[in-house]
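So the structure is just underneath, and the comments pick up after that.
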Amino acid sequence: MSLTALALGKKIKAKEVSVKEAVTEALEAIEKKEERVHSFITVDREGALRRAEEVQKQIDDKTLTGPLAGVPAAVKDNLCTKGLLTTCASDILCNFVPNYSAQAVLNLERAGAVVIGKTNMDEFAMGSTTETSAFGPTKNPWNLSHVPGGSSGGSCAAVAAEECSFALGSDTGGSIRQPSAFCGVVGIKPTYGTVSRYGLIAYGSSLDQIGPIAKDVADCAAVLEIISSHDEKDSTSLARKDLDFTEALKEDVKGLKIGIPRDYFGEGLDPFVREAVLQAAEVLKEKGAVVEEFDLSLVEYAIPAYYVIACAEASSNLARFDGVKYGYRAKDYEGLHQMYKKSRSEGFGPEVKRRIMLGSFVLSSGYYDAYYLKALKTKALIKKAFDAAFAKYDVILGPAAPTTAPLLGESLSDPLKMYLGDIYTVSANLAGLPGISIPCGSDEKGLPIGLQLTGDCFKEKNIIRAAYAFEQTGNYARSPLGRE
Amino acid sequence: MMHIISDETIDYVGILAKLELSKEEKARAKKDMGEMLDYIDRLNELDTTNIEPMTHIFPVENVFREDISSEKDGSRETLANAPESKDGGFLVPKTIV
């Protein structure tokens, strides 16, 4: 699995590699590494091999001609997959087998990608380390005593450990970009509404977006092109005509205006991260981009606004888990209400309960205006600040996270501190903006650092172009587990 | 302002959230929620007079489609996920005594 997804797709097309060989290689890598990295919750060995045969036939008879036909992919476990266990890394969905697939997964399958399994994540995507999973944490392929980040930690670790060619993740407050940074891979959160959320188990519906995670920018652009679609089944899905993201894979940033928010480089930023990110800005400048610093403002208000909105939406979205239609039901109860309460209390983990409680509180009568409406007004102000920034710049450049991956077990005891780690990513979700994280160096321990490029709504091509140009100046660094 | 979350508040939120917390969980929830609200209070530093609350970024409204069923009857597969079912329906504890 050392090849990029596009390179493997090319070999499959040229009949140098069969789909079965590609899928078997991924399954063997999983067998060899999974015990140490734990990227997956479910591996669908039989289904993947069966699908490999079908896809091979369709490639042979030329019904499948796309660039990712036959390529093994992993899917985050909050995306429904028909007939395949989908748990959201929660005990409350420990036995849920959907009878439909998410639109993004259908789009992948239609393009001939072979889903080999479902990846680990923070429970209901609530967390930044993949440690809140009911199935145990995923480890970072660069150093197994560190977290992979989260919440799409399993997807990012699976790519970095070379257990699959690429993966899908979801990003509500940084859940693709931050673990991509921690695992040294590339991840894109597209503009809100670009990828259908149909079949994505909702966390914060106004913030959630599905996106690709891969070894390089070209793979991500190709996957994003495939999964993006206008979908009647998601009322927030947009009818976009500019989904040809791979058109932006050009090593040309001449005249591209890049702004660096001064407010991103204050207290709490690891010196190694600061150095690597500013060095990346220098590289883009040398390649012809116009780089300057500016004041974005309101940065410190993004996290409190985000947690109010995300938790409020979560408390409503997670009301559906009641032990009636699917998932876990408590064994002993008296009457309907106690059945609801016990099923939920036993089925949800502590972080999920914490967020449901906070969300219920900020939506409750007497607090709604002070907290929920205030957060929505703050969101409007943050959007305005970005509008002003994008009137001047094509791309905003900064770190994806203030530090590199923390040690396992370091984060969960102080939730507020963990939430503060989302400082550079949450505002893109609040403002609906596309963002990409790409590797730009490593710290003194050899842990990867992520460069984040954020674009205006619908301007994925600007960030893809800048990321691609930057990527051409270095080689993809393979993680120690990936190299095995 | 420091937020002190009372037992009554936590119990009330527990009713809204349909969660039954143990004694330890309650103590932790009180502390965590108080700390989060202290932190969230910094939003009050912002003047938001005359700012319209923004729910969605794009003003996509009233997305309608014809009310035509596009799916096959999937009731059997759907019920297969139910913890308990009977006669083609979800089985729940008695609701009217």
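By convention here, the chains of the structure tokens are called A, B, ... in the order presented, each chain's residues are numbered starting at 1, and ligands are numbered starting at 1 in the order presented.
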Q) Once you count only C-alpha atoms, which residues of chain B turn out to be within 6 Å of chain A? Could you give them as a list in words? A) Val13, Ala17, Lys18, Leu19, Glu20, Ile40, Ile51, Pro53, Met54, Val63, Asn81, Ala82 and Pro93 of chain B
Q.
At a cut-off of 12 Å, using only C-alpha atoms, what residues contact Lys461 of chain A? Leave out same-chain residues fewer than 4 positions from it and give the result as a ChimeraX atom specification.
A. /A:188,190-191,217-218,220-221,224-225,242-250,252-253,256,394-395,434-436,453-457,465-469
Kindly save the residues from that selection, with N, CA and C atoms included, as a short mmCIF file (atom, residue, chain, number, x, y, z; two decimals), in the first residue's frame.
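Printed below is selection_32.cif as written:
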```cif
data_model
loop_
_atom_site.label_atom_id
_atom_site.label_comp_id
_atom_site.auth_asym_id
_atom_site.auth_seq_id
_atom_site.Cartn_x
_atom_site.Cartn_y
_atom_site.Cartn_z
N ILE A 188 -9.09 16.91 3.46
CA ILE A 188 -9.86 18.10 3.05
C ILE A 188 -11.24 18.09 3.69
N PRO A 190 -14.49 19.97 2.73
CA PRO A 190 -15.00 20.84 1.67
C PRO A 190 -15.97 21.91 2.19
N THR A 191 -16.36 22.81 1.31
CA THR A 191 -17.40 23.80 1.63
C THR A 191 -18.66 23.07 2.10
N VAL A 217 -2.20 15.44 -2.15
CA VAL A 217 -3.24 16.39 -2.53
C VAL A 217 -4.02 15.88 -3.75
N ALA A 218 -3.30 15.28 -4.71
CA ALA A 218 -3.96 14.80 -5.93
C ALA A 218 -4.99 13.72 -5.60
N CYS A 220 -6.59 13.35 -2.77
CA CYS A 220 -7.71 14.00 -2.08
C CYS A 220 -8.62 14.70 -3.08
N ALA A 221 -8.03 15.40 -4.04
CA ALA A 221 -8.83 16.11 -5.03
C ALA A 221 -9.65 15.12 -5.85
N LEU A 224 -12.46 13.70 -3.66
CA LEU A 224 -13.48 14.73 -3.41
C LEU A 224 -14.37 14.91 -4.64
N GLU A 225 -13.75 14.85 -5.80
CA GLU A 225 -14.49 14.98 -7.05
C GLU A 225 -15.55 13.87 -7.16
N ASP A 242 -18.88 23.39 -10.16
CA ASP A 242 -17.42 23.49 -10.24
C ASP A 242 -16.75 22.38 -9.43
N LEU A 243 -17.20 21.15 -9.64
CA LEU A 243 -16.68 20.05 -8.82
C LEU A 243 -15.47 19.36 -9.45
N ASP A 244 -14.90 19.96 -10.50
CA ASP A 244 -13.74 19.37 -11.16
C ASP A 244 -12.45 19.77 -10.43
N PHE A 245 -12.35 19.30 -9.18
CA PHE A 245 -11.27 19.74 -8.30
C PHE A 245 -9.87 19.39 -8.82
N THR A 246 -9.76 18.29 -9.56
CA THR A 246 -8.44 17.89 -10.03
C THR A 246 -7.88 18.89 -11.06
N GLU A 247 -8.74 19.74 -11.61
CA GLU A 247 -8.27 20.80 -12.52
C GLU A 247 -7.29 21.75 -11.83
N ALA A 248 -7.41 21.81 -10.49
CA ALA A 248 -6.59 22.76 -9.73
C ALA A 248 -5.21 22.21 -9.39
N LEU A 249 -4.91 20.97 -9.81
CA LEU A 249 -3.62 20.37 -9.48
C LEU A 249 -2.53 20.94 -10.39
N LYS A 250 -2.19 22.19 -10.16
CA LYS A 250 -1.19 22.85 -10.99
C LYS A 250 -0.15 23.49 -10.09
N ASP A 252 1.37 26.11 -9.65
CA ASP A 252 1.42 27.51 -10.03
C ASP A 252 0.70 28.36 -8.99
N VAL A 253 1.46 29.06 -8.19
CA VAL A 253 0.83 29.94 -7.19
C VAL A 253 1.20 31.40 -7.45
N LEU A 256 -1.00 34.31 -6.30
CA LEU A 256 -2.00 33.87 -5.32
C LEU A 256 -1.80 34.65 -4.02
N ASP A 394 -6.80 35.07 -1.19
CA ASP A 394 -7.38 33.85 -1.77
C ASP A 394 -7.33 32.70 -0.79
N VAL A 395 -6.30 32.72 0.05
CA VAL A 395 -6.06 31.59 0.95
C VAL A 395 -5.61 32.14 2.31
N PRO A 434 -14.02 25.78 3.09
CA PRO A 434 -13.20 24.60 2.83
C PRO A 434 -11.80 24.77 3.44
N GLY A 435 -11.26 23.66 3.92
CA GLY A 435 -9.91 23.70 4.50
C GLY A 435 -9.17 22.42 4.19
N ILE A 436 -7.85 22.53 4.09
CA ILE A 436 -7.03 21.35 3.83
C ILE A 436 -5.89 21.33 4.83
N LEU A 453 -4.59 25.23 5.11
CA LEU A 453 -4.93 26.28 4.16
C LEU A 453 -6.45 26.34 4.09
N THR A 454 -6.99 27.53 4.30
CA THR A 454 -8.44 27.70 4.29
C THR A 454 -8.82 28.62 3.14
N GLY A 455 -9.89 28.28 2.44
CA GLY A 455 -10.33 29.10 1.32
C GLY A 455 -11.70 29.68 1.57
N ASP A 456 -12.14 30.57 0.71
CA ASP A 456 -13.49 31.10 0.80
C ASP A 456 -14.46 29.99 0.35
N CYS A 457 -15.74 30.15 0.69
CA CYS A 457 -16.73 29.17 0.28
C CYS A 457 -16.65 28.95 -1.23
N ARG A 465 -4.73 24.17 -5.12
CA ARG A 465 -3.60 24.67 -5.93
C ARG A 465 -2.41 25.01 -5.03
N ALA A 466 -2.67 25.73 -3.94
CA ALA A 466 -1.59 26.12 -3.03
C ALA A 466 -0.97 24.89 -2.36
N ALA A 467 -1.84 23.96 -1.94
CA ALA A 467 -1.35 22.75 -1.26
C ALA A 467 -0.52 21.90 -2.22
N TYR A 468 -0.99 21.78 -3.45
CA TYR A 468 -0.29 20.98 -4.45
C TYR A 468 1.08 21.58 -4.75
N ALA A 469 1.11 22.90 -4.91
CA ALA A 469 2.39 23.57 -5.20
C ALA A 469 3.37 23.38 -4.05
#
```
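When only C-alpha atoms are used to compute distances to Arg240 of chain A, the closest of the residues A:Thr194, A:Gln209, A:Ser18, A:Thr130 turns out to be A:Thr194.
Residue nearest Thr4 of chain A within the list A:Val186, A:Leu296, A:Ala428, A:Leu420: A:Val186 [criterion: smallest interatomic distance, only C-alpha atoms].
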Q.
Run DSSP on the backbone and tell me which residues of segment 102-227 of chain A come out as helix (DSSP H, G or I); list them as number ranges by chain.
A. A: 103-110, 123-125, 153-160, 177-183, 217-227
Kindly save the residues from that selection, with C-alpha atoms included, as a PDB file, in the first residue's frame.
```pdb
ATOM      1  CA  GLN A 103     -24.626   8.927  -0.528  1.00  0.00           C
ATOM      2  CA  ALA A 104     -20.868   9.568  -0.292  1.00  0.00           C
ATOM      3  CA  VAL A 105     -20.268   5.821   0.052  1.00  0.00           C
ATOM      4  CA  LEU A 106     -22.579   5.089  -2.897  1.00  0.00           C
ATOM      5  CA  ASN A 107     -20.649   7.628  -4.976  1.00  0.00           C
ATOM      6  CA  LEU A 108     -17.383   5.901  -4.027  1.00  0.00           C
ATOM      7  CA  GLU A 109     -18.763   2.484  -4.918  1.00  0.00           C
ATOM      8  CA  ARG A 110     -20.127   3.766  -8.191  1.00  0.00           C
ATOM      9  CA  GLU A 123     -17.789   8.238  19.924  1.00  0.00           C
ATOM     10  CA  PHE A 124     -20.301  10.089  17.708  1.00  0.00           C
ATOM     11  CA  ALA A 125     -17.310  12.119  16.437  1.00  0.00           C
ATOM     12  CA  GLY A 153      -8.375   9.238  13.923  1.00  0.00           C
ATOM     13  CA  GLY A 154      -9.006   5.740  12.576  1.00  0.00           C
ATOM     14  CA  SER A 155      -9.289   6.941   8.972  1.00  0.00           C
ATOM     15  CA  CYS A 156      -6.101   9.026   9.215  1.00  0.00           C
ATOM     16  CA  ALA A 157      -4.159   6.274  11.000  1.00  0.00           C
ATOM     17  CA  ALA A 158      -5.307   3.698   8.408  1.00  0.00           C
ATOM     18  CA  VAL A 159      -3.933   5.896   5.612  1.00  0.00           C
ATOM     19  CA  ALA A 160      -0.685   6.654   7.454  1.00  0.00           C
ATOM     20  CA  ARG A 177      -7.874  18.325   9.382  1.00  0.00           C
ATOM     21  CA  GLN A 178      -6.493  17.834  12.895  1.00  0.00           C
ATOM     22  CA  PRO A 179      -5.951  14.039  12.747  1.00  0.00           C
ATOM     23  CA  SER A 180      -4.546  14.444   9.215  1.00  0.00           C
ATOM     24  CA  ALA A 181      -1.996  16.833  10.717  1.00  0.00           C
ATOM     25  CA  PHE A 182      -1.201  14.457  13.599  1.00  0.00           C
ATOM     26  CA  CYS A 183      -0.792  11.463  11.267  1.00  0.00           C
ATOM     27  CA  VAL A 217      -3.240  16.387  -2.528  1.00  0.00           C
ATOM     28  CA  ALA A 218      -3.959  14.799  -5.929  1.00  0.00           C
ATOM     29  CA  ASP A 219      -5.585  11.756  -4.291  1.00  0.00           C
ATOM     30  CA  CYS A 220      -7.712  13.997  -2.082  1.00  0.00           C
ATOM     31  CA  ALA A 221      -8.830  16.114  -5.032  1.00  0.00           C
ATOM     32  CA  ALA A 222      -9.743  12.990  -7.026  1.00  0.00           C
ATOM     33  CA  VAL A 223     -11.708  11.448  -4.139  1.00  0.00           C
ATOM     34  CA  LEU A 224     -13.484  14.728  -3.412  1.00  0.00           C
ATOM     35  CA  GLU A 225     -14.493  14.975  -7.055  1.00  0.00           C
ATOM     36  CA  ILE A 226     -16.084  11.534  -6.785  1.00  0.00           C
ATOM     37  CA  ILE A 227     -17.927  11.915  -3.482  1.00  0.00           C
TER      38      ILE A 227
END
```
Q | Who sits within 10 Å of Leu79 of chain B, only C-alpha atoms, same chain under 5 positions skipped, as a ChimeraX atom specification | A | /A:324-326 /B:74,84-86,88-91
Output N, CA and C atoms for every residue in the selection just made, as an mmCIF file, in the first residue's frame.
```
data_model
loop_
_atom_site.group_PDB
_atom_site.id
_atom_site.type_symbol
_atom_site.label_atom_id
_atom_site.label_comp_id
_atom_site.auth_asym_id
_atom_site.auth_seq_id
_atom_site.Cartn_x
_atom_site.Cartn_y
_atom_site.Cartn_z
ATOM 1 N N VAL A 324 -35.482 2.100 20.874
ATOM 2 C CA VAL A 324 -36.707 1.598 20.237
ATOM 3 C C VAL A 324 -36.444 1.065 18.831
ATOM 4 N N LYS A 325 -35.824 1.903 17.998
ATOM 5 C CA LYS A 325 -35.754 1.566 16.568
ATOM 6 C C LYS A 325 -34.500 0.781 16.192
ATOM 7 N N TYR A 326 -33.422 1.055 16.895
ATOM 8 C CA TYR A 326 -32.164 0.357 16.603
ATOM 9 C C TYR A 326 -31.250 0.478 17.812
ATOM 10 N N GLY B 74 -38.744 -1.339 2.978
ATOM 11 C CA GLY B 74 -37.599 -1.913 3.685
ATOM 12 C C GLY B 74 -37.947 -2.230 5.122
ATOM 13 N N GLU B 84 -36.593 -4.944 19.983
ATOM 14 C CA GLU B 84 -37.727 -5.866 20.059
ATOM 15 C C GLU B 84 -38.773 -5.444 19.042
ATOM 16 N N SER B 85 -39.358 -6.420 18.364
ATOM 17 C CA SER B 85 -40.430 -6.090 17.422
ATOM 18 C C SER B 85 -41.513 -7.161 17.497
ATOM 19 N N LYS B 86 -42.697 -6.809 17.028
ATOM 20 C CA LYS B 86 -43.826 -7.748 17.063
ATOM 21 C C LYS B 86 -44.803 -7.375 15.967
ATOM 22 N N GLY B 88 -44.687 -6.865 12.822
ATOM 23 C CA GLY B 88 -44.310 -5.804 11.885
ATOM 24 C C GLY B 88 -44.212 -4.426 12.506
ATOM 25 N N GLY B 89 -44.131 -4.347 13.819
ATOM 26 C CA GLY B 89 -44.007 -3.039 14.475
ATOM 27 C C GLY B 89 -42.929 -3.065 15.546
ATOM 28 N N PHE B 90 -42.502 -1.884 16.001
ATOM 29 C CA PHE B 90 -41.546 -1.801 17.112
ATOM 30 C C PHE B 90 -42.284 -2.124 18.402
ATOM 31 N N LEU B 91 -41.668 -2.930 19.221
ATOM 32 C CA LEU B 91 -42.293 -3.260 20.502
ATOM 33 C C LEU B 91 -41.683 -2.399 21.610
#
```
Q) What's the 6 Å shell around Thr425 of chain A, counting only C-alpha atoms, without same-chain residues fewer than 2 positions away, as a PyMOL selection string? A) chain A and resi 173-174+422-423+427-428
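The shortest atom-to-atom distance to Trp142 of chain A, with only C-alpha atoms taken into account, belongs to A:Gly446 out of A:Gly446, A:Gly47, A:Gly211, A:Gly441.
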Q) Nearest to Ala477 of chain A among A:Asp216, A:Glu54, A:Glu31, A:Glu16, with distances taken over only C-alpha atoms: which residue is it? A) A:Asp216
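Within the 7 Å cut-off around segment 19-27 of chain A, using only C-alpha atoms and omitting residues fewer than 4 positions from it on the same chain, the listed residues are A:Met1, A:Ile12, A:Glu31, A:Arg45, A:Leu49, A:Ala52, A:Glu53, A:Gln56, A:Gly70, A:Val71, A:Pro72, A:Glu163, A:Cys164.
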Where in segment 357-413 of chain A does DSSP assign strand (DSSP E), given as a CSV table (one decimal) with N, CA and C atoms, in the first residue's frame?
```csv
chain,number,residue,atom,x,y,z
A,395,VAL,N,-6.3,32.7,0.0
A,395,VAL,CA,-6.1,31.6,1.0
A,395,VAL,C,-5.6,32.1,2.3
A,396,ILE,N,-6.1,31.5,3.4
A,396,ILE,CA,-5.6,31.9,4.7
A,396,ILE,C,-4.7,30.7,5.2
A,397,LEU,N,-3.5,31.0,5.6
A,397,LEU,CA,-2.5,30.0,6.0
A,397,LEU,C,-2.3,30.0,7.5
A,398,GLY,N,-2.2,28.8,8.1
A,398,GLY,CA,-2.0,28.7,9.5
A,398,GLY,C,-1.7,27.3,9.9
A,399,PRO,N,-1.5,27.1,11.2
A,399,PRO,CA,-1.4,25.7,11.6
A,399,PRO,C,-2.7,25.0,11.6
```
